[in-house]
Amino acid sequence: METTVPTEPICALVWTGAQNFEFVALAEPELHDGESLIRLNAATICGSDLHTISGRRSQPCPSVLGHEGAGVVVETKNPDLEIGQRVTFSVTAPCLECDRCQQGRTAKCRSVLKTGHEAFNSQWPLSGTYATHILLRKNQPVAVLSDAIANTTASVASCAGATVMAAVEAGGDLRGQRVLIVGLGMLGLIACDVAIQRGASAVYASDPNPERRQWASALGGVHAFDPAEEAVDSGSIDIAFDFSGVNAGVNTAISSLDIGGRAVLAGSVATSAAINVNPETLVRNWQTITGVHNYEPRHLQEAVDFLAHSGIDWNAVISAPIALEEVPATVEELINGDKDKDCKRYLRTAVVLSDGAAIDKDLLRH
Ligand SMILES: [Zn+2]
Ligand SMILES: [Zn+2]
């Protein structure tokens, strides 16, 4: 931490535990080989940050949260990037040298570091997107953005979008397949759009929330239903995705499968109870259950390309932007507020990141 004001003011909203945050001013970091400094234009508040803040997931603290974002390269020692490019970036920063990286599982690199997950007093303090700037590490995948994609949409691509691409790849070719999507949060909604555009023969989507079902139905070609009132027949689905992370949803996904069916689980990212799986059913029916967590660099690019032309009504599903200063109060509202609160309607809250100089000096700790 520095007491001098840097040439380009850099401020981070540091999470200090429970629902507490503190603004901290930082000096401009000195870049090492392969690193870049990004001035963030937008971030989006992902549900997994809310899990962290409410204690359902543990991670180093204090830290700068936020792992979804988009911004402009202001300084770079990455030969593949240029100053002024608008970019989004992977949640994971892999080493590219360990056995897992070499085998193409960089998301599970043995020394992986993750945006919005690193201690503020570690070697990577500017790791999160609830800040005016983020430092991108050497080997951290970056996607350069075309004019076709807005900052908030690109921000969504960097987590939800890319994870959906990884899940869809794990599900296999969707053409002509009967697809079930359980959970219509941001991932489920994007998956509906992908399933339609990639030629699924039928797309069923389940969520208790009527507004979410309507957003999915609005894509055209999705049969969205309330799991309390309707169910898909068991044995009627070729590829089922669970994005709900709720065991009832996981069970629905698995029990819906036909012969040769595949269930892709991507929602269970917080502590959850075990489920019962009948091995005889899997054996006799040639079924596969697979899990997907985070994604590979190709999925980030794929998500950016896909979401630039997606049928999703972003204005309906992403909130009007709030300022960085409003993040602590909004997070509290999202966690504790009553469920009819306006901010809870959206699949993402957008944060527009102003210049660090605009942040109220009284809020800043130097
Ligand atoms: Zn996320
Ligand atoms: Zn590695």
# chains A, B, ... in the order shown; residues from 1 in each chain; ligands from 1
>>> closest_atom_pairs(of="chain A", to="ligand 2", cutoff="6 Å", atoms="only C-alpha atoms and all ligand atoms", output="CSV")
residue,atom,partner,partner_atom_place_in_ligand_line,distance
A:Pro94,CA,ligand 2,1 (Zn),5.1
A:Cys95,CA,ligand 2,1 (Zn),4.0
A:Leu96,CA,ligand 2,1 (Zn),4.6
A:Glu97,CA,ligand 2,1 (Zn),5.1
A:Cys98,CA,ligand 2,1 (Zn),4.1
A:Arg100,CA,ligand 2,1 (Zn),5.8
A:Cys101,CA,ligand 2,1 (Zn),4.4
A:Thr106,CA,ligand 2,1 (Zn),5.9
A:Cys109,CA,ligand 2,1 (Zn),3.6
A:Arg110,CA,ligand 2,1 (Zn),5.0
A:Ser111,CA,ligand 2,1 (Zn),5.7
>>> residues_around(residues="range 308-310 of chain A", least_positions_apart="6", cutoff="9 Å", atoms="only C-alpha atoms", output="PyMOL selection string")
chain A and resi 146-150+153-154+190+193-194+197
>>> write_last_selection(atoms="N, CA and C atoms", output="mmCIF file, in the first residue's frame")
data_model
loop_
_atom_site.group_PDB
_atom_site.id
_atom_site.type_symbol
_atom_site.label_atom_id
_atom_site.label_comp_id
_atom_site.auth_asym_id
_atom_site.auth_seq_id
_atom_site.Cartn_x
_atom_site.Cartn_y
_atom_site.Cartn_z
ATOM 1 N N SER A 146 -14.737 -7.106 -29.753
ATOM 2 C CA SER A 146 -15.131 -6.322 -30.926
ATOM 3 C C SER A 146 -16.188 -5.310 -30.470
ATOM 4 N N ASP A 147 -16.523 -4.383 -31.372
ATOM 5 C CA ASP A 147 -17.540 -3.385 -31.029
ATOM 6 C C ASP A 147 -18.908 -4.023 -30.829
ATOM 7 N N ALA A 148 -19.058 -5.275 -31.300
ATOM 8 C CA ALA A 148 -20.382 -5.919 -31.238
ATOM 9 C C ALA A 148 -20.795 -6.292 -29.822
ATOM 10 N N ILE A 149 -19.860 -6.307 -28.887
ATOM 11 C CA ILE A 149 -20.207 -6.762 -27.541
ATOM 12 C C ILE A 149 -20.011 -5.638 -26.519
ATOM 13 N N ALA A 150 -21.046 -5.417 -25.702
ATOM 14 C CA ALA A 150 -20.998 -4.361 -24.685
ATOM 15 C C ALA A 150 -20.140 -4.805 -23.510
ATOM 16 N N THR A 153 -21.932 -7.240 -21.083
ATOM 17 C CA THR A 153 -22.115 -8.563 -21.683
ATOM 18 C C THR A 153 -20.777 -9.310 -21.707
ATOM 19 N N ALA A 154 -19.717 -8.604 -22.043
ATOM 20 C CA ALA A 154 -18.386 -9.227 -22.047
ATOM 21 C C ALA A 154 -18.013 -9.672 -20.642
ATOM 22 N N ILE A 190 -28.169 -18.612 -20.726
ATOM 23 C CA ILE A 190 -27.214 -18.654 -21.851
ATOM 24 C C ILE A 190 -27.234 -20.045 -22.489
ATOM 25 N N ASP A 193 -30.011 -20.476 -24.929
ATOM 26 C CA ASP A 193 -29.729 -19.815 -26.197
ATOM 27 C C ASP A 193 -28.757 -20.653 -27.043
ATOM 28 N N VAL A 194 -27.742 -21.200 -26.389
ATOM 29 C CA VAL A 194 -26.764 -22.029 -27.108
ATOM 30 C C VAL A 194 -27.467 -23.272 -27.675
ATOM 31 N N GLN A 197 -29.532 -22.295 -30.695
ATOM 32 C CA GLN A 197 -28.717 -21.907 -31.853
ATOM 33 C C GLN A 197 -27.873 -23.056 -32.389
#
>>> closest_residue(among="A:Arg105, A:His32, A:Arg39, A:Arg56", to="Arg298 in chain A", atoms="only C-alpha atoms")
A:Arg105
>>> residues_near_ligand(ligand="ligand 1", cutoff="7 Å", atoms="only C-alpha atoms and all ligand atoms", output="MDAnalysis selection string")
chainID A and resid 46:48 67:68 159:160
>>> select_by_dssp(residues="range 140-273 of chain A", states="alpha helix (DSSP H)", output="short mmCIF file (atom, residue, chain, number, x, y, z; two decimals) with C-alpha atoms, in the first residue's frame")
data_model
loop_
_atom_site.label_atom_id
_atom_site.label_comp_id
_atom_site.auth_asym_id
_atom_site.auth_seq_id
_atom_site.Cartn_x
_atom_site.Cartn_y
_atom_site.Cartn_z
CA ASN A 151 -18.83 -4.16 -21.57
CA THR A 152 -21.40 -5.72 -19.25
CA THR A 153 -22.11 -8.56 -21.68
CA ALA A 154 -18.39 -9.23 -22.05
CA SER A 155 -18.15 -9.22 -18.27
CA VAL A 156 -20.80 -11.94 -18.14
CA ALA A 162 -17.39 -19.28 -20.71
CA THR A 163 -18.52 -21.83 -18.11
CA VAL A 164 -21.59 -22.57 -20.24
CA MET A 165 -19.33 -23.14 -23.26
CA ALA A 166 -17.28 -25.62 -21.22
CA ALA A 167 -20.46 -27.36 -20.02
CA VAL A 168 -21.88 -27.55 -23.54
CA GLU A 169 -18.63 -29.02 -24.83
CA ALA A 170 -18.80 -31.65 -22.08
CA GLY A 171 -22.41 -32.40 -23.10
CA MET A 186 -27.43 -16.51 -16.06
CA LEU A 187 -25.78 -19.83 -16.96
CA GLY A 188 -29.04 -21.62 -17.62
CA LEU A 189 -30.37 -18.79 -19.74
CA ILE A 190 -27.21 -18.65 -21.85
CA ALA A 191 -27.32 -22.45 -22.19
CA CYS A 192 -30.89 -22.23 -23.54
CA ASP A 193 -29.73 -19.81 -26.20
CA VAL A 194 -26.76 -22.03 -27.11
CA ALA A 195 -28.98 -25.14 -27.30
CA ILE A 196 -31.41 -23.40 -29.66
CA GLN A 197 -28.72 -21.91 -31.85
CA PRO A 210 -41.75 -17.14 -13.51
CA GLU A 211 -39.78 -14.13 -14.73
CA ARG A 212 -36.75 -16.30 -15.46
CA ARG A 213 -38.94 -18.77 -17.32
CA GLN A 214 -40.29 -15.92 -19.37
CA TRP A 215 -36.78 -14.75 -20.31
CA ALA A 216 -35.98 -18.27 -21.50
CA SER A 217 -39.26 -18.61 -23.40
CA ASN A 247 -29.68 -31.50 -5.30
CA ALA A 248 -33.30 -31.74 -6.43
CA GLY A 249 -32.21 -30.21 -9.71
CA VAL A 250 -29.22 -32.53 -10.01
CA ASN A 251 -31.53 -35.52 -9.43
CA THR A 252 -33.94 -34.24 -12.07
CA ALA A 253 -31.12 -33.89 -14.57
CA ILE A 254 -29.88 -37.43 -13.94
CA SER A 255 -33.26 -39.13 -13.81
#
>>> atom_distance(atom1="CA of Val14 in chain A", atom2="CA of Gln301 in chain A")
29.1 Å
>>> residues_around(residues="Val232 in chain A", least_positions_apart="4", cutoff="8 Å", atoms="only C-alpha atoms", output="list in words")
Tyr204, Ser236 and Ser256 of chain A
>>> closest_residue(among="A:Ala131, A:Phe23, A:Leu347, A:Ile335", to="Gly55 in chain A", atoms="only C-alpha atoms")
A:Ile335
>>> closest_residue(among="A:Ser201, A:Asn294, A:Thr16, A:Thr115", to="Gly221 in chain A", atoms="only C-alpha atoms")
A:Ser201
>>> atom_distance(atom1="CA of Phe21 in chain A", atom2="CA of Pro328 in chain A")
6.4 Å
>>> residues_around(residues="Gly245 in chain A", least_positions_apart="3", cutoff="8 Å", atoms="only C-alpha atoms", output="PyMOL selection string")
chain A and resi 242+249-250+265-270
>>> write_last_selection(atoms="N, CA and C atoms", output="compact mmCIF listing (two decimals), in the first residue's frame")
# COMPACT_ATOMS: atom_id res chain seq x y z
N ASP A 242 -27.30 -29.33 -15.28
CA ASP A 242 -27.76 -28.70 -14.04
C ASP A 242 -26.93 -27.46 -13.75
N GLY A 249 -32.46 -30.48 -8.31
CA GLY A 249 -32.21 -30.21 -9.71
C GLY A 249 -31.24 -31.22 -10.31
N VAL A 250 -30.21 -31.54 -9.55
CA VAL A 250 -29.22 -32.53 -10.01
C VAL A 250 -29.93 -33.87 -10.23
N LEU A 265 -23.09 -31.55 -14.76
CA LEU A 265 -23.36 -30.80 -13.54
C LEU A 265 -22.38 -29.63 -13.46
N ALA A 266 -22.93 -28.41 -13.37
CA ALA A 266 -22.05 -27.24 -13.31
C ALA A 266 -22.47 -26.26 -12.23
N GLY A 267 -23.57 -26.55 -11.55
CA GLY A 267 -24.09 -25.59 -10.59
C GLY A 267 -23.64 -25.80 -9.15
N SER A 268 -23.19 -27.00 -8.84
CA SER A 268 -22.91 -27.33 -7.43
C SER A 268 -21.54 -26.83 -7.00
N VAL A 269 -21.45 -25.53 -6.72
CA VAL A 269 -20.15 -24.95 -6.37
C VAL A 269 -20.08 -24.49 -4.91
N ALA A 270 -21.11 -24.82 -4.14
CA ALA A 270 -21.04 -24.55 -2.70
C ALA A 270 -21.23 -25.90 -2.00
>>> closest_residue(among="A:Glu118, A:Asp49, A:Asp342, A:Glu230", to="Cys61 in chain A", atoms="only C-alpha atoms")
A:Glu118
>>> closest_residue(among="A:Leu81, A:Leu174, A:Ala25, A:Ala320", to="Val144 in chain A", atoms="only C-alpha atoms")
A:Leu81
>>> closest_residue(among="A:Ile289, A:Leu126, A:Val351, A:Val74", to="Ala12 in chain A", atoms="only C-alpha atoms")
A:Leu126
>>> select_by_dssp(residues="range 139-331 of chain A", states="strand (DSSP E or B)", output="number ranges by chain")
A: 142-144, 178-182, 202-206, 222-225, 237-242, 257-265, 288-291, 318, 322-323
>>> atom_distance(atom1="CA of Leu184 in chain A", atom2="CA of Asp233 in chain A")
19.4 Å
>>> residues_around(residues="Glu332 in chain A", least_positions_apart="3", cutoff="10 Å", atoms="only C-alpha atoms", output="MDAnalysis selection string")
chainID A and resid 18:20 50 53:54 327:329 335:337
>>> residues_around(residues="Ile322 in chain A", least_positions_apart="5", cutoff="12 Å", atoms="only C-alpha atoms", output="list in words")
Ala42, Ala43, Thr44, Ile45, Tyr130, Thr152, Val327, Pro328, Ala329, Thr330, Val331, Cys343, Arg348, Thr349, Ala350, Val351, Val352, Leu353 and Ser354 of chain A
>>> decode(residues="range 278-322 of chain A", atoms="N, CA and C atoms", output="short mmCIF file (atom, residue, chain, number, x, y, z; two decimals), in the first residue's frame")
data_model
loop_
_atom_site.label_atom_id
_atom_site.label_comp_id
_atom_site.auth_asym_id
_atom_site.auth_seq_id
_atom_site.Cartn_x
_atom_site.Cartn_y
_atom_site.Cartn_z
N ASN A 278 -28.03 -44.54 -8.75
CA ASN A 278 -28.18 -45.98 -8.90
C ASN A 278 -27.23 -46.48 -9.98
N PRO A 279 -26.19 -47.21 -9.58
CA PRO A 279 -25.18 -47.63 -10.57
C PRO A 279 -25.77 -48.55 -11.63
N GLU A 280 -26.75 -49.35 -11.26
CA GLU A 280 -27.34 -50.26 -12.26
C GLU A 280 -28.00 -49.47 -13.38
N THR A 281 -28.67 -48.37 -13.00
CA THR A 281 -29.31 -47.54 -14.03
C THR A 281 -28.27 -46.99 -15.00
N LEU A 282 -27.15 -46.50 -14.41
CA LEU A 282 -26.09 -45.95 -15.28
C LEU A 282 -25.55 -47.03 -16.21
N VAL A 283 -25.31 -48.21 -15.65
CA VAL A 283 -24.72 -49.31 -16.43
C VAL A 283 -25.66 -49.76 -17.54
N ARG A 284 -26.87 -50.09 -17.16
CA ARG A 284 -27.80 -50.63 -18.16
C ARG A 284 -28.14 -49.61 -19.24
N ASN A 285 -28.07 -48.34 -18.88
CA ASN A 285 -28.50 -47.31 -19.82
C ASN A 285 -27.35 -46.51 -20.44
N TRP A 286 -26.14 -47.01 -20.23
CA TRP A 286 -24.99 -46.33 -20.86
C TRP A 286 -25.01 -44.83 -20.58
N GLN A 287 -25.26 -44.45 -19.34
CA GLN A 287 -25.37 -43.03 -19.04
C GLN A 287 -24.07 -42.48 -18.43
N THR A 288 -23.89 -41.19 -18.61
CA THR A 288 -22.69 -40.51 -18.11
C THR A 288 -23.10 -39.32 -17.24
N ILE A 289 -22.45 -39.19 -16.12
CA ILE A 289 -22.63 -37.98 -15.29
C ILE A 289 -21.26 -37.32 -15.24
N THR A 290 -21.19 -36.05 -15.60
CA THR A 290 -19.88 -35.39 -15.60
C THR A 290 -20.00 -34.01 -14.94
N GLY A 291 -18.90 -33.55 -14.40
CA GLY A 291 -18.89 -32.24 -13.75
C GLY A 291 -17.99 -31.28 -14.52
N VAL A 292 -18.33 -30.00 -14.45
CA VAL A 292 -17.55 -28.96 -15.13
C VAL A 292 -17.36 -27.81 -14.16
N HIS A 293 -16.14 -27.37 -14.01
CA HIS A 293 -15.87 -26.22 -13.14
C HIS A 293 -14.86 -25.30 -13.82
N ASN A 294 -15.22 -24.03 -13.97
CA ASN A 294 -14.42 -23.07 -14.73
C ASN A 294 -14.26 -23.56 -16.17
N TYR A 295 -13.21 -23.15 -16.85
CA TYR A 295 -13.19 -23.40 -18.30
C TYR A 295 -11.78 -23.21 -18.83
N GLU A 296 -11.62 -23.54 -20.10
CA GLU A 296 -10.34 -23.38 -20.79
C GLU A 296 -10.35 -22.09 -21.63
N PRO A 297 -9.17 -21.63 -22.04
CA PRO A 297 -9.12 -20.37 -22.81
C PRO A 297 -10.06 -20.35 -24.03
N ARG A 298 -10.18 -21.49 -24.72
CA ARG A 298 -11.04 -21.50 -25.93
C ARG A 298 -12.49 -21.16 -25.58
N HIS A 299 -12.91 -21.55 -24.36
CA HIS A 299 -14.30 -21.30 -23.98
C HIS A 299 -14.56 -19.81 -23.74
N LEU A 300 -13.54 -19.09 -23.31
CA LEU A 300 -13.69 -17.64 -23.11
C LEU A 300 -13.94 -16.97 -24.45
N GLN A 301 -13.11 -17.31 -25.44
CA GLN A 301 -13.27 -16.72 -26.78
C GLN A 301 -14.62 -17.10 -27.37
N GLU A 302 -14.98 -18.36 -27.19
CA GLU A 302 -16.25 -18.85 -27.72
C GLU A 302 -17.43 -18.07 -27.10
N ALA A 303 -17.33 -17.81 -25.79
CA ALA A 303 -18.41 -17.10 -25.10
C ALA A 303 -18.51 -15.67 -25.59
N VAL A 304 -17.37 -15.03 -25.77
CA VAL A 304 -17.36 -13.64 -26.26
C VAL A 304 -18.00 -13.59 -27.65
N ASP A 305 -17.61 -14.52 -28.52
CA ASP A 305 -18.16 -14.55 -29.88
C ASP A 305 -19.66 -14.83 -29.85
N PHE A 306 -20.06 -15.77 -29.01
CA PHE A 306 -21.48 -16.15 -28.96
C PHE A 306 -22.33 -15.02 -28.38
N LEU A 307 -21.90 -14.48 -27.25
CA LEU A 307 -22.75 -13.49 -26.55
C LEU A 307 -22.87 -12.17 -27.32
N ALA A 308 -21.91 -11.90 -28.21
CA ALA A 308 -22.01 -10.68 -29.03
C ALA A 308 -23.27 -10.73 -29.90
N HIS A 309 -23.75 -11.94 -30.20
CA HIS A 309 -24.91 -12.06 -31.10
C HIS A 309 -26.01 -12.90 -30.47
N SER A 310 -26.08 -12.91 -29.15
CA SER A 310 -27.06 -13.76 -28.51
C SER A 310 -28.45 -13.12 -28.55
N GLY A 311 -29.46 -13.95 -28.38
CA GLY A 311 -30.84 -13.46 -28.39
C GLY A 311 -31.30 -12.96 -27.02
N ILE A 312 -30.43 -13.01 -26.03
CA ILE A 312 -30.83 -12.63 -24.67
C ILE A 312 -31.07 -11.12 -24.59
N ASP A 313 -32.14 -10.75 -23.89
CA ASP A 313 -32.45 -9.33 -23.68
C ASP A 313 -31.63 -8.85 -22.47
N TRP A 314 -30.44 -8.36 -22.73
CA TRP A 314 -29.52 -7.99 -21.65
C TRP A 314 -30.09 -6.91 -20.76
N ASN A 315 -30.88 -5.99 -21.37
CA ASN A 315 -31.45 -4.92 -20.54
C ASN A 315 -32.44 -5.45 -19.52
N ALA A 316 -33.03 -6.61 -19.82
CA ALA A 316 -33.98 -7.19 -18.86
C ALA A 316 -33.25 -7.97 -17.77
N VAL A 317 -32.15 -8.60 -18.10
CA VAL A 317 -31.53 -9.53 -17.13
C VAL A 317 -30.35 -8.93 -16.36
N ILE A 318 -29.79 -7.81 -16.86
CA ILE A 318 -28.70 -7.15 -16.13
C ILE A 318 -29.23 -5.81 -15.62
N SER A 319 -28.95 -5.49 -14.37
CA SER A 319 -29.48 -4.25 -13.77
C SER A 319 -28.88 -3.02 -14.44
N ALA A 320 -29.52 -1.88 -14.21
CA ALA A 320 -28.89 -0.62 -14.59
C ALA A 320 -27.62 -0.50 -13.74
N PRO A 321 -26.58 0.13 -14.28
CA PRO A 321 -25.31 0.12 -13.57
C PRO A 321 -25.31 0.89 -12.25
N ILE A 322 -24.60 0.32 -11.28
CA ILE A 322 -24.35 1.03 -10.03
C ILE A 322 -22.87 1.44 -10.04
#
